[in-house]
Amino acid sequence: MPELPEVETVRRGLAPVMEGAVITRVEQRRADLRAPFPAGFAKRLTGRRIVGLGRRAKYLTAALDDGTVLVMHLGMSGSFRIETDGTGEMVGNPYHKRSKLRAHDHVVFHLSSGARVIFNDPRRFGVMDLVPASELPASRHFRAVGIEPLGNELDGAKLASLFAGRRAPLKSALMDQRLIAGLGNIYVCEALWRARLSPDRPAGSLATKRGGPTVGAKRLAEAIREVLEAAIAAGGSSLRDHIRTNGELGDFQHAFAVYDREGEPCLRNDRGIIRRKVHAGRSTFYCPVCQR
DNA sequence: AAGCGAACCTGGCTGC
DNA sequence: TGCAGCCAGGTTCGCT
């Protein structure tokens with residue numbers, strides 16, 4: 001399910017019930033997701049207070065009061081839901097009423113507020129790991145992760161320097177988490193359309209001979225920022241799996257210009273018909289007329 | 001080194 | 001209705 005906007009939406013949904021709460025009990029309902037849970041997972045979390053809930057790339061990070069960080073990833077199909085029995089101090093609205101666990105509910109965090117936070121992941125591509133905070137940057141999850149697209153680093157010049165000399169298609173370079181972290185298939189397609197750039201153009205073509213940014217590089221940096229911010233404001237995109245922690249859907253799928261619109265007209269010109277092609281095994285949607 | 005395809009899993013949809 | 005085949009928002013491994 002999740003690219004940066006969906007993960008950020010989930011973070012914002014979970015933060016009010018998780019930050020400051022103590023984990024009173026953890027139900028780990030199977031031995032592994034894609035990888036085994038870390039040894040003593042439930043035990044090491046029990047009794048810990050969650051100091052803060054953050055996001056890096058497509059990962060959620062819950063900092064605990066003993067200096068450990070709970071690292072979580074939603075994979076393709078992961079989601080969290082918050083349930084409450086209505087007692088205790090609850091922030092926000094229509095949380096799920098407490099009910100029976102469902103298929104693919106793999107982890108249940110019971111919190112001191114009375115809420116429980118449930119991780120569900122049918123395909124089990126998600127990640128749950130425990131890492132000492134001091135080792136987080138060098139951990140296998142983050143050591144090779146690139147810049148945050150919503151931070152101050154991303155601009156045309158940075159894009160040009162990241163892409164200089166690369167012959168891979170722009171589509172693939174933008175999908176590469178080692179360069180820019182957090183973009184996935186949907187938002188890469190949408191950002192390229194907004195920047196009027198072809199997904200097939202070599203990534204290195206966004207750098208001038210001297211390595212500076214082309215006009216296209218500047219447009220692309222701006223487009224990435226804009227599309228991510230708009231998607232977060234809409235609560236992310238709900239296609240199959242993404243739901244917010246209160247059970248509501250995101251809205252940004254209604255704002256797609258190209259993603260999953262093969263055969264439909266381009267929103268920017270009459271002659272363009274959205275095409276689909278495959279880059280490195282992933283569908284790319286684009287307008288062959290206005291994206292060059 | 002960089003780039004690509006396959007693998008990891010389940011579920012939903014399409015077409016026969 | 002049933003079933004095979006294809007596709008899905010991510011990451012990682014292994015081969016060129």
# chains A, B, ... in the order shown; residues from 1 in each chain; ligands from 1
>>> select_by_dssp(residues="region 255-287 of chain A", states="strand (DSSP E or B)", output="list in words")
Pro265, Ile273, Arg275, Arg276, Lys277, Val278, His279, Arg282, Ser283, Thr284, Phe285 and Tyr286 of chain A
>>> interface_residues(of="chain B", to="chain A", cutoff="9 Å", atoms="only C-alpha atoms (C1' of nucleotides)", output="PyMOL selection string")
chain B and resi 2-5+8-12
>>> write_last_selection(atoms="N, CA, C and O atoms (P, O5', C5', C4', C3', O3' and C1' of nucleotides)", output="compact mmCIF listing (two decimals), in the first residue's frame")
# COMPACT_ATOMS: atom_id res chain seq x y z
P DA B 2 27.29 3.11 -9.20
O5' DA B 2 26.35 2.52 -10.34
C5' DA B 2 26.75 2.66 -11.70
C4' DA B 2 25.74 1.98 -12.59
C3' DA B 2 24.29 2.22 -12.20
O3' DA B 2 23.57 2.37 -13.40
C1' DA B 2 24.72 -0.09 -12.17
P DG B 3 22.14 2.94 -13.45
O5' DG B 3 21.33 1.67 -13.94
C5' DG B 3 21.70 1.04 -15.15
C4' DG B 3 20.99 -0.27 -15.25
C3' DG B 3 19.51 -0.21 -14.86
O3' DG B 3 18.76 -0.86 -15.86
C1' DG B 3 20.58 -1.96 -13.72
P DC B 4 17.23 -0.74 -15.97
O5' DC B 4 16.79 -2.25 -16.06
C5' DC B 4 17.56 -3.17 -16.84
C4' DC B 4 17.33 -4.56 -16.31
C3' DC B 4 15.86 -4.87 -16.00
O3' DC B 4 15.45 -5.95 -16.80
C1' DC B 4 17.29 -5.53 -14.21
P DG B 5 13.90 -6.27 -16.93
O5' DG B 5 13.79 -7.65 -16.15
C5' DG B 5 14.60 -8.75 -16.57
C4' DG B 5 14.55 -9.83 -15.52
C3' DG B 5 13.13 -10.25 -15.12
O3' DG B 5 13.08 -11.68 -15.17
C1' DG B 5 14.38 -9.62 -13.19
P DC B 8 10.21 -17.68 -3.44
O5' DC B 8 9.66 -16.67 -2.33
C5' DC B 8 10.55 -16.17 -1.35
C4' DC B 8 9.91 -14.99 -0.67
C3' DC B 8 8.44 -15.23 -0.31
O3' DC B 8 8.37 -15.66 1.04
C1' DC B 8 8.86 -13.00 -1.12
P DC B 9 7.29 -16.70 1.43
O5' DC B 9 6.06 -15.71 1.46
C5' DC B 9 4.86 -16.15 1.73
C4' DC B 9 3.84 -15.04 1.55
C3' DC B 9 2.55 -15.65 1.05
O3' DC B 9 1.78 -15.97 2.20
C1' DC B 9 3.02 -13.55 0.00
P DT B 10 0.54 -16.91 2.05
O5' DT B 10 -0.62 -15.87 1.69
C5' DT B 10 -0.90 -14.82 2.58
C4' DT B 10 -1.84 -13.86 1.90
C3' DT B 10 -3.14 -14.50 1.43
O3' DT B 10 -4.19 -13.84 2.10
C1' DT B 10 -2.17 -13.16 -0.29
P DG B 11 -5.71 -14.25 1.81
O5' DG B 11 -6.14 -13.17 0.73
C5' DG B 11 -5.92 -11.81 1.00
C4' DG B 11 -6.47 -10.97 -0.12
C3' DG B 11 -7.85 -11.41 -0.62
O3' DG B 11 -8.52 -10.23 -1.02
C1' DG B 11 -6.32 -11.50 -2.39
P DG B 12 -10.10 -10.26 -1.18
O5' DG B 12 -10.31 -9.41 -2.49
C5' DG B 12 -9.50 -8.27 -2.74
C4' DG B 12 -9.49 -8.00 -4.23
C3' DG B 12 -10.81 -8.32 -4.92
O3' DG B 12 -11.07 -7.31 -5.87
C1' DG B 12 -9.08 -9.52 -5.95
>>> interface_residues(of="chain C", to="chain A", cutoff="9 Å", atoms="only C-alpha atoms (C1' of nucleotides)", output="list in words")
DA8, DG9, DG10 and DT11 of chain C
>>> residues_around(residues="DC3 (chain C)", least_positions_apart="5", cutoff="12 Å", atoms="only C-alpha atoms (C1' of nucleotides)", output="ChimeraX atom specification")
/B:14-16
>>> write_last_selection(atoms="all heavy atoms", output="mmCIF file, in the first residue's frame")
data_model
loop_
_atom_site.group_PDB
_atom_site.id
_atom_site.type_symbol
_atom_site.label_atom_id
_atom_site.label_comp_id
_atom_site.auth_asym_id
_atom_site.auth_seq_id
_atom_site.Cartn_x
_atom_site.Cartn_y
_atom_site.Cartn_z
ATOM 1 P P DT B 14 -12.888 -6.909 -13.143
ATOM 2 O OP1 DT B 14 -13.028 -5.588 -13.786
ATOM 3 O OP2 DT B 14 -14.073 -7.621 -12.620
ATOM 4 O "O5'" DT B 14 -12.128 -7.886 -14.135
ATOM 5 C "C5'" DT B 14 -10.803 -7.579 -14.578
ATOM 6 C "C4'" DT B 14 -10.392 -8.602 -15.616
ATOM 7 O "O4'" DT B 14 -10.052 -9.844 -14.951
ATOM 8 C "C3'" DT B 14 -11.507 -8.933 -16.612
ATOM 9 O "O3'" DT B 14 -10.950 -8.997 -17.928
ATOM 10 C "C2'" DT B 14 -12.034 -10.290 -16.150
ATOM 11 C "C1'" DT B 14 -10.806 -10.909 -15.496
ATOM 12 N N1 DT B 14 -11.100 -11.827 -14.367
ATOM 13 C C2 DT B 14 -10.373 -12.989 -14.280
ATOM 14 O O2 DT B 14 -9.510 -13.296 -15.085
ATOM 15 N N3 DT B 14 -10.692 -13.787 -13.207
ATOM 16 C C4 DT B 14 -11.650 -13.535 -12.238
ATOM 17 O O4 DT B 14 -11.846 -14.322 -11.331
ATOM 18 C C5 DT B 14 -12.362 -12.301 -12.397
ATOM 19 C C7 DT B 14 -13.426 -11.935 -11.415
ATOM 20 C C6 DT B 14 -12.063 -11.514 -13.440
ATOM 21 P P DG B 15 -11.935 -9.116 -19.210
ATOM 22 O OP1 DG B 15 -11.532 -8.036 -20.122
ATOM 23 O OP2 DG B 15 -13.337 -9.214 -18.732
ATOM 24 O "O5'" DG B 15 -11.539 -10.513 -19.855
ATOM 25 C "C5'" DG B 15 -10.235 -11.057 -19.668
ATOM 26 C "C4'" DG B 15 -10.301 -12.559 -19.897
ATOM 27 O "O4'" DG B 15 -10.600 -13.228 -18.630
ATOM 28 C "C3'" DG B 15 -11.403 -13.001 -20.865
ATOM 29 O "O3'" DG B 15 -10.914 -14.079 -21.645
ATOM 30 C "C2'" DG B 15 -12.526 -13.453 -19.932
ATOM 31 C "C1'" DG B 15 -11.712 -14.082 -18.816
ATOM 32 N N9 DG B 15 -12.399 -14.206 -17.546
ATOM 33 C C8 DG B 15 -13.312 -13.328 -16.995
ATOM 34 N N7 DG B 15 -13.759 -13.714 -15.828
ATOM 35 C C5 DG B 15 -13.092 -14.915 -15.589
ATOM 36 C C6 DG B 15 -13.159 -15.802 -14.473
ATOM 37 O O6 DG B 15 -13.844 -15.683 -13.467
ATOM 38 N N1 DG B 15 -12.326 -16.905 -14.648
ATOM 39 C C2 DG B 15 -11.530 -17.119 -15.738
ATOM 40 N N2 DG B 15 -10.792 -18.224 -15.730
ATOM 41 N N3 DG B 15 -11.455 -16.296 -16.778
ATOM 42 C C4 DG B 15 -12.255 -15.224 -16.646
ATOM 43 P P DC B 16 -11.681 -14.530 -23.028
ATOM 44 O OP1 DC B 16 -10.794 -14.162 -24.142
ATOM 45 O OP2 DC B 16 -13.079 -14.018 -22.981
ATOM 46 O "O5'" DC B 16 -11.739 -16.119 -22.927
ATOM 47 C "C5'" DC B 16 -10.542 -16.862 -22.660
ATOM 48 C "C4'" DC B 16 -10.888 -18.121 -21.892
ATOM 49 O "O4'" DC B 16 -11.471 -17.760 -20.623
ATOM 50 C "C3'" DC B 16 -11.901 -19.031 -22.594
ATOM 51 O "O3'" DC B 16 -11.389 -20.345 -22.672
ATOM 52 C "C2'" DC B 16 -13.139 -18.982 -21.696
ATOM 53 C "C1'" DC B 16 -12.529 -18.667 -20.344
ATOM 54 N N1 DC B 16 -13.463 -18.013 -19.381
ATOM 55 C C2 DC B 16 -13.686 -18.630 -18.144
ATOM 56 O O2 DC B 16 -13.117 -19.701 -17.884
ATOM 57 N N3 DC B 16 -14.528 -18.037 -17.260
ATOM 58 C C4 DC B 16 -15.126 -16.879 -17.566
ATOM 59 N N4 DC B 16 -15.939 -16.345 -16.654
ATOM 60 C C5 DC B 16 -14.915 -16.245 -18.819
ATOM 61 C C6 DC B 16 -14.083 -16.830 -19.688
#
>>> residues_around(residues="Lys43 (chain A)", least_positions_apart="5", cutoff="12 Å", atoms="only C-alpha atoms (C1' of nucleotides)", output="number ranges by chain")
A: 23-28, 37-38, 48, 109, 130
>>> atom_distance(atom1="CA of Gly250 (chain A)", atom2="CA of Cys287 (chain A)")
24.9 Å
>>> closest_residue(among="A:Gly216, A:Ile224, A:Ser205, A:Gly165", to="DA1 (chain B)", atoms="only C-alpha atoms (C1' of nucleotides)")
A:Gly165
>>> closest_residue(among="A:Lys209, A:Arg201, A:Arg55, A:Arg194", to="Ala164 (chain A)", atoms="only C-alpha atoms")
A:Lys209
>>> atom_distance(atom1="CA of Gly272 (chain A)", atom2="CA of Pro288 (chain A)")
6.5 Å
